[in-house]
There are 2 protein chains.
Amino acid sequence: MITIKEVARHAGVSISTVSYVLSGKRSISEETKRRVEQSIIALGYHPNAGARALASNRSRVIGLIVPLRSDHNMPVIMQFVSSIVASARDYDYDVLLLTKEAGPGEAHRVTARSMADAIIVMDVESADPRVPELRTVDAPVVLLGMPDDHQGLNCVDLDFASAGRQMVGHLADRGHRSIALIGSPPAVYERGTSYAARLLAGFQQETAKRNLPASVHSCAADYDAVSACLDDVLRPERGTTGLVVHNEAALGSLLLELRRRSLKVPADLSVITLCPDDVARGLAVPLTSIAVPADELGALAVEMVTGRLEREHPPEIRLLQPQLTDRGSTSTR
Amino acid sequence: MITIKEVARHAGVSISTVSYVLSGKRSISEETKRRVEQSIIALGYHPNAGARALASNRSRVIGLIVPLRSDHNMPVIMQFVSSIVASARDYDYDVLLLTKEAGPGEAHRVTARSMADAIIVMDVESADPRVPELRTVDAPVVLLGMPDDHQGLNCVDLDFASAGRQMVGHLADRGHRSIALIGSPPAVYERGTSYAARLLAGFQQETAKRNLPASVHSCAADYDAVSACLDDVLRPERGTTGLVVHNEAALGSLLLELRRRSLKVPADLSVITLCPDDVARGLAVPLTSIAVPADELGALAVEMVTGRLEREHPPEIRLLQPQLTDRGSTSTR
DNA sequence: GTATCAAATCGAAACGCTTCGACGAGCTAT
DNA sequence: ATAGCTCGTCGAAGCGTTTCGATTTGATAC
């Protein structure tokens with residue numbers, strides 16, 4: 001193994017000089033810097049991470065708690081993970097993979113051992129049992145998602161309430177008077193996933209404000225459930241003309257079933273949804289949608305966490321404002 | 001931060017004694033061991049990972065290269081990751097998340113810096129460009145999947161050829177004389193994903209051996225592609241009675257489309273597939289299938305990698321034999 | 001011509017652990 | 001009784017960095 005010592009000898013300088021060339025923490029003459037860098041390349045030197053961590057008291061690793069067994073919407077989860085890893089590398093951090101399933105204590109274990117300098121937690125629920133423990137972690141922690149009790153925590157999330165309001169507004173502005181929400185599967189609400197509840201709240205708030213009936217449905221993703229749900233949503237007495245869908249997994253079956261019923265989107269029914277952009281784009285009928293900006297959220301989480309590693313910051317909640325993309329799946333009446 | 005020194009003082013022993021209690025590498029009297037363990041708990045001691053890595057020259061971390069952007073079959077990927085992380089923890093290893101997208105060099109970077117002791121590579125393709133680089137990594141490497149040129153590499157995979165043969169055999173044994181393969185999307189074959197090619201080879205081998213016509217189809221996962229594919233597969237002159245499906249994403253649409261055409265499974269058409277068990281179980285019609293044993297494969301990869309960290313092993317290919325579960329979607333004719 | 005200061009470099013002390021060799025104490029076998 | 005074990009413990013030498021003075025050199029200010 002090539003060590004800094006050998007680089008120093010090869011370049012004819014002291015060990016500390018090599019270190020300062022690498023870190024840039026003290027000024028080094030151009031000439032010396034060049035020589036050292038050449039030696040590094042010539043010898044193929046790679047600094048030893050353990051020694052670095054020990055001496056500097058920083059591992060340059062972020063612990064990421066991921067729900068690996070969460071059945072639904074894996075693609076979104078992966079998108080988050082992907083953007084977090086990429087952003088972390090931009091800041092010269094690596095990512096240690098921790099699983100939600102391994103239980104709490106993982107965050108504590110890796111920070112106490114100095115394996116990670118900070119923690120990012122994904123898939124945080126309303127009454128997340130991990131939250132109390134996370135408060136006691138002696139390292140920056142950022143949650144993706146917002147628990148009910150977020151006192152003193154750093155959270156990053158999409159503003160789902162605003163998304164709910166915005167989707168209702170979009171349809172109402174186009175003259176729709178009877179708008180239905182096809183929400184997430186019952187299991188999601190039961191689990192207390194805060195984003196589902198927040199979107200629902202926004203939906204109800206905006207329909208109420210505009211004096212519209214609010215027909216709210218929760219629906220599993222399988223074909224039969226979707227079909228049954230549509231039976232209900234489309235009961236003639238409702239006069240439903242606009243659909244707000246917050247159920248990524250059901251979108252495919254939903255459009256299929258509408259086609260089977262010979263209902264054209266948007267001529268017969270306007271549909272707007274919240275899901276990743278590529279999903280909305282790739283459907284049989286591209287849908288006007290609000291994207292889950294997984295890339296931005298992941299990058300933001302990394303930025304918050306690294307920021308807090310450099311200097312103190314007060315806890316902060318950052319809700320990204322939803323962005324609506326019109327793909328023509330809503331019509332004016 | 002509590003160090004081993006403080007534990008030693010608290011327990012009234014030397015530093016090395018504490019270390020030996022922790023590692024068990026030398027015999028320690030029961031009495032002393034007890035005292036040390038109590039001190040560890042009393043003080044809340046956690047060994048510093050960097051110091052450990054530095055002194056022992058082992059990070060107890062496995063680098064895992066994951067295809068995070070690979071659009072298709074995320075759930076299987078996650079299942080692999082999940083089982084790898086869990087198994088790694090069983091051996092007291094942590095997992096550093098590296099992405100396929102970050103390019104080659106990642107394996108080299110983390111091992112050269114001693115951030116990871118070994119590497120597991122997921123989603124290996126037939127002519128994987130990463131393979132040459134992986135050969136030069138100075139640490140145990142295990143591939144999940146089998147590249148064409150696997151000289152000197154450790155690989156773990158399902159025996160897809162055998163799976164192909166077995167599925168044909170299953171149908172042929174039940175009297176089916178015209179069997180069609182609905183394979184993966186064209187993109188998968190073009191990418192040179194070795195498993196798709198190997199299953200195809202097994203399929204053709206077994207049909208040839210039994211003197212059956214081999215009708216082979218590649219099919220994208222969207223509804224229209226599936227429908228078109230079925231048009232072809234079910235052309236009357238083929239007399240197709242058995243379907244081997246190797247296309248997880250298309251299964252839903254496929255069954256839906258069969259239902260639309262009023263074709264009953266298995267009365268009118270026998271269907272057998274290769275996909276994760278929970279997918280096969282959760283479909284509208286549960287399907288007789290060969291599972292992708294992601295958990296076993298992941299665990300096996302970890303076992304191989306840790307084994308190679310303890311002592312030298314020659315390179316090895318381990319192909320798991322497929323396991324067929326009968327769910328009654330194939331009939332005797 | 002001397003005092004001051006910044007730039008460039010070095011030496012050495014940490015950082016917290018593992019592990020090797022040594023050693024005393026208590027055995028067993030002779 | 002003595003040599004030769006094994007058991008339990010300790011001290012100290014690393015492991016490869018970072019970082020804090022200290023030192024040297026040359027320039028700038030008076």
# chains A, B, ... in the order shown; residues from 1 in each chain; ligands from 1
$ residues_around --residues "Tyr93 (chain A)" --least-positions-apart "4" --cutoff "7 Å" --atoms "only C-alpha atoms (C1' of nucleotides)" --output "PDB file with N, CA and C atoms, in the first residue's frame"
ATOM      1  N   ARG A  60     -16.640  11.374   6.333  1.00  0.00           N
ATOM      2  CA  ARG A  60     -17.140  11.741   5.003  1.00  0.00           C
ATOM      3  C   ARG A  60     -18.079  10.661   4.458  1.00  0.00           C
ATOM      4  N   VAL A  61     -18.912  10.179   5.353  1.00  0.00           N
ATOM      5  CA  VAL A  61     -19.932   9.199   4.976  1.00  0.00           C
ATOM      6  C   VAL A  61     -21.262   9.672   5.543  1.00  0.00           C
ATOM      7  N   ILE A  62     -22.298   9.514   4.737  1.00  0.00           N
ATOM      8  CA  ILE A  62     -23.651   9.815   5.195  1.00  0.00           C
ATOM      9  C   ILE A  62     -24.404   8.498   5.319  1.00  0.00           C
ATOM     10  N   ALA A  88     -24.466  13.313  -2.837  1.00  0.00           N
ATOM     11  CA  ALA A  88     -23.452  13.091  -1.802  1.00  0.00           C
ATOM     12  C   ALA A  88     -22.072  13.046  -2.429  1.00  0.00           C
ATOM     13  N   ARG A  89     -21.953  12.347  -3.544  1.00  0.00           N
ATOM     14  CA  ARG A  89     -20.653  12.271  -4.206  1.00  0.00           C
ATOM     15  C   ARG A  89     -20.196  13.650  -4.676  1.00  0.00           C
TER      16      ARG A  89
END
$ interface_residues --of "chain D" --to "chain A" --cutoff "10 Å" --atoms "only C-alpha atoms (C1' of nucleotides)" --output "MDAnalysis selection string"
chainID D and resid 15:19
$ write_last_selection --atoms "N, CA and C atoms (P, O5', C5', C4', C3', O3' and C1' of nucleotides)" --output "compact mmCIF listing (two decimals), in the first residue's frame"
# COMPACT_ATOMS: atom_id res chain seq x y z
P DC D 15 3.62 0.48 10.61
O5' DC D 15 2.09 0.68 10.26
C5' DC D 15 1.14 -0.36 10.42
C4' DC D 15 -0.23 0.25 10.32
C3' DC D 15 -0.26 1.55 9.53
O3' DC D 15 -0.60 1.25 8.18
C1' DC D 15 -1.56 1.71 11.55
P DG D 16 0.27 1.92 6.99
O5' DG D 16 -0.46 3.32 6.80
C5' DG D 16 -1.84 3.32 6.51
C4' DG D 16 -2.36 4.72 6.62
C3' DG D 16 -1.60 5.75 5.79
O3' DG D 16 -2.55 6.58 5.16
C1' DG D 16 -1.70 6.43 8.04
P DT D 17 -2.16 7.66 4.09
O5' DT D 17 -3.10 8.85 4.50
C5' DT D 17 -2.66 9.82 5.40
C4' DT D 17 -3.79 10.22 6.29
C3' DT D 17 -3.86 11.71 6.46
O3' DT D 17 -5.04 12.21 5.86
C1' DT D 17 -3.56 10.60 8.58
P DT D 18 -5.07 13.79 5.59
O5' DT D 18 -5.23 14.42 7.05
C5' DT D 18 -6.44 14.26 7.75
C4' DT D 18 -6.35 15.00 9.06
C3' DT D 18 -6.24 16.52 8.92
O3' DT D 18 -7.07 17.06 9.94
C1' DT D 18 -4.41 15.71 10.16
P DT D 19 -7.52 18.58 9.86
O5' DT D 19 -6.56 19.26 10.93
C5' DT D 19 -6.42 18.64 12.20
C4' DT D 19 -5.32 19.32 12.97
C3' DT D 19 -5.12 20.79 12.62
O3' DT D 19 -4.82 21.47 13.82
C1' DT D 19 -3.10 19.67 12.38
$ interface_residues --of "chain C" --to "chain A" --cutoff "12 Å" --atoms "only C-alpha atoms (C1' of nucleotides)" --output "list of chain:residue names"
C:DA6, C:DA7, C:DA8, C:DT9, C:DC10, C:DG11, C:DA12, C:DA13, C:DA14, C:DC15, C:DG16, C:DC17
$ write_last_selection --atoms "C-alpha atoms (C1' of nucleotides)" --output "mmCIF file, in the first residue's frame"
data_model
loop_
_atom_site.group_PDB
_atom_site.id
_atom_site.type_symbol
_atom_site.label_atom_id
_atom_site.label_comp_id
_atom_site.auth_asym_id
_atom_site.auth_seq_id
_atom_site.Cartn_x
_atom_site.Cartn_y
_atom_site.Cartn_z
ATOM 1 C "C1'" DA C 6 3.173 36.720 5.171
ATOM 2 C "C1'" DA C 7 4.283 32.590 2.568
ATOM 3 C "C1'" DA C 8 6.105 28.053 2.443
ATOM 4 C "C1'" DT C 9 7.618 24.260 4.738
ATOM 5 C "C1'" DC C 10 8.712 21.001 8.422
ATOM 6 C "C1'" DG C 11 8.570 18.093 12.731
ATOM 7 C "C1'" DA C 12 5.987 15.945 15.968
ATOM 8 C "C1'" DA C 13 2.025 15.114 18.577
ATOM 9 C "C1'" DA C 14 -2.219 13.400 18.474
ATOM 10 C "C1'" DC C 15 -6.375 10.265 16.832
ATOM 11 C "C1'" DG C 16 -8.257 5.248 19.065
ATOM 12 C "C1'" DC C 17 -7.529 0.971 18.101
#
$ atom_distance --atom1 "CA of Leu199 (chain B)" --atom2 "CA of Val121 (chain B)"
21.0 Å
$ select_by_dssp --residues "region 26-258 of chain A" --states "strand (DSSP E or B)" --output "VMD selection string"
chain A and resid 61 to 66 94 to 99 118 to 121 141 to 144 154 to 158 179 to 183 214 to 218 242 to 245
$ interface_residues --of "chain A" --to "chain B" --cutoff "8 Å" --atoms "only C-alpha atoms" --output "PyMOL selection string"
chain A and resi 46-54+59+68-69+71+74-75+78-79+81-82+85-86+94-99+102+109+112-115
$ calpha_fit_rmsd --fixed "chain B" --moving "chain A"
0.1 Å
$ atom_distance --atom1 "CA of Leu274 (chain A)" --atom2 "CA of Thr193 (chain A)"
15.4 Å
$ atom_distance --atom1 "CA of Ile40 (chain B)" --atom2 "C1' of DA13 (chain D)"
25.3 Å
$ residues_around --residues "Ser215 (chain B)" --least-positions-apart "5" --cutoff "8 Å" --atoms "only C-alpha atoms (C1' of nucleotides)" --output "CSV table (one decimal) with N, CA and C atoms, in the first residue's frame"
chain,number,residue,atom,x,y,z
B,179,ILE,N,-45.3,-25.0,-27.8
B,179,ILE,CA,-45.0,-24.1,-26.7
B,179,ILE,C,-44.4,-22.9,-27.2
B,180,ALA,N,-44.8,-21.7,-26.7
B,180,ALA,CA,-44.2,-20.5,-27.1
B,180,ALA,C,-43.5,-19.8,-25.9
B,181,LEU,N,-42.4,-19.1,-26.2
B,181,LEU,CA,-41.7,-18.3,-25.2
B,181,LEU,C,-42.1,-16.9,-25.4
B,233,VAL,N,-48.6,-15.0,-31.2
B,233,VAL,CA,-48.4,-16.3,-30.5
B,233,VAL,C,-49.6,-17.2,-30.8
$ select_by_dssp --residues "region 115-267 of chain A" --states "alpha helix (DSSP H)" --output "ChimeraX atom specification"
/A:131-135,160-173,186-190,194-209,223-233,251-260
$ write_last_selection --atoms "C-alpha atoms" --output "PDB file, in the first residue's frame"
ATOM      1  CA  VAL A 131     -38.456   9.979  15.467  1.00  0.00           C
ATOM      2  CA  PRO A 132     -37.790  10.011  19.208  1.00  0.00           C
ATOM      3  CA  GLU A 133     -34.649   8.016  18.733  1.00  0.00           C
ATOM      4  CA  LEU A 134     -33.468  10.250  15.923  1.00  0.00           C
ATOM      5  CA  ARG A 135     -33.657  13.225  18.235  1.00  0.00           C
ATOM      6  CA  PHE A 160     -48.527  17.986  -0.510  1.00  0.00           C
ATOM      7  CA  ALA A 161     -51.288  20.169   0.887  1.00  0.00           C
ATOM      8  CA  SER A 162     -50.461  22.792  -1.671  1.00  0.00           C
ATOM      9  CA  ALA A 163     -50.374  20.084  -4.345  1.00  0.00           C
ATOM     10  CA  GLY A 164     -53.878  19.009  -3.362  1.00  0.00           C
ATOM     11  CA  ARG A 165     -55.130  22.576  -3.517  1.00  0.00           C
ATOM     12  CA  GLN A 166     -53.416  23.210  -6.799  1.00  0.00           C
ATOM     13  CA  MET A 167     -54.892  20.169  -8.534  1.00  0.00           C
ATOM     14  CA  VAL A 168     -58.383  21.061  -7.385  1.00  0.00           C
ATOM     15  CA  GLY A 169     -57.791  24.629  -8.500  1.00  0.00           C
ATOM     16  CA  HIS A 170     -56.628  23.500 -11.900  1.00  0.00           C
ATOM     17  CA  LEU A 171     -59.831  21.544 -12.492  1.00  0.00           C
ATOM     18  CA  ALA A 172     -62.151  24.083 -10.898  1.00  0.00           C
ATOM     19  CA  ASP A 173     -60.648  26.889 -12.966  1.00  0.00           C
ATOM     20  CA  PRO A 186     -56.212   2.205   2.419  1.00  0.00           C
ATOM     21  CA  ALA A 187     -53.054   0.659   3.788  1.00  0.00           C
ATOM     22  CA  VAL A 188     -51.176   3.859   3.119  1.00  0.00           C
ATOM     23  CA  TYR A 189     -53.618   5.939   5.137  1.00  0.00           C
ATOM     24  CA  GLU A 190     -53.683   3.383   7.909  1.00  0.00           C
ATOM     25  CA  SER A 194     -48.204  11.862   6.280  1.00  0.00           C
ATOM     26  CA  TYR A 195     -48.056  12.850   2.648  1.00  0.00           C
ATOM     27  CA  ALA A 196     -51.285  11.058   1.805  1.00  0.00           C
ATOM     28  CA  ALA A 197     -53.074  12.794   4.643  1.00  0.00           C
ATOM     29  CA  ARG A 198     -51.638  16.155   3.743  1.00  0.00           C
ATOM     30  CA  LEU A 199     -52.685  15.902   0.121  1.00  0.00           C
ATOM     31  CA  LEU A 200     -56.155  14.893   1.216  1.00  0.00           C
ATOM     32  CA  ALA A 201     -56.307  17.890   3.531  1.00  0.00           C
ATOM     33  CA  GLY A 202     -55.309  20.214   0.720  1.00  0.00           C
ATOM     34  CA  PHE A 203     -57.924  18.651  -1.547  1.00  0.00           C
ATOM     35  CA  GLN A 204     -60.667  19.119   1.001  1.00  0.00           C
ATOM     36  CA  GLN A 205     -59.571  22.602   1.890  1.00  0.00           C
ATOM     37  CA  GLU A 206     -59.723  23.791  -1.689  1.00  0.00           C
ATOM     38  CA  THR A 207     -63.008  22.079  -2.565  1.00  0.00           C
ATOM     39  CA  ALA A 208     -64.532  23.565   0.578  1.00  0.00           C
ATOM     40  CA  LYS A 209     -63.191  26.994  -0.235  1.00  0.00           C
ATOM     41  CA  TYR A 223     -57.399  -3.966 -11.406  1.00  0.00           C
ATOM     42  CA  ASP A 224     -60.535  -5.099  -9.652  1.00  0.00           C
ATOM     43  CA  ALA A 225     -60.202  -2.564  -6.874  1.00  0.00           C
ATOM     44  CA  VAL A 226     -59.741   0.190  -9.412  1.00  0.00           C
ATOM     45  CA  SER A 227     -62.765  -0.954 -11.323  1.00  0.00           C
ATOM     46  CA  ALA A 228     -64.899  -1.040  -8.191  1.00  0.00           C
ATOM     47  CA  CYS A 229     -63.632   2.352  -7.184  1.00  0.00           C
ATOM     48  CA  LEU A 230     -64.564   3.771 -10.585  1.00  0.00           C
ATOM     49  CA  ASP A 231     -68.050   2.312 -10.263  1.00  0.00           C
ATOM     50  CA  ASP A 232     -68.449   4.413  -7.173  1.00  0.00           C
ATOM     51  CA  VAL A 233     -66.750   7.550  -8.448  1.00  0.00           C
ATOM     52  CA  LEU A 251     -52.797   4.730 -12.832  1.00  0.00           C
ATOM     53  CA  GLY A 252     -52.216   2.025 -15.399  1.00  0.00           C
ATOM     54  CA  SER A 253     -55.271   0.010 -14.473  1.00  0.00           C
ATOM     55  CA  LEU A 254     -57.309   3.170 -14.164  1.00  0.00           C
ATOM     56  CA  LEU A 255     -56.663   4.305 -17.719  1.00  0.00           C
ATOM     57  CA  LEU A 256     -57.193   0.796 -18.999  1.00  0.00           C
ATOM     58  CA  GLU A 257     -60.517   0.594 -17.253  1.00  0.00           C
ATOM     59  CA  LEU A 258     -61.614   3.990 -18.527  1.00  0.00           C
ATOM     60  CA  ARG A 259     -60.831   2.839 -22.024  1.00  0.00           C
ATOM     61  CA  ARG A 260     -62.796  -0.335 -21.465  1.00  0.00           C
TER      62      ARG A 260
END
$ residues_around --residues "Thr332 (chain B)" --least-positions-apart "2" --cutoff "9 Å" --atoms "only C-alpha atoms (C1' of nucleotides)" --output "list in words"
Leu171, Asp173, Arg174, Gly175, His176, Ser270 and Thr330 of chain B
$ residues_around --residues "DC27 (chain C)" --least-positions-apart "5" --cutoff "10 Å" --atoms "only C-alpha atoms (C1' of nucleotides)" --output "ChimeraX atom specification"
/D:5-7
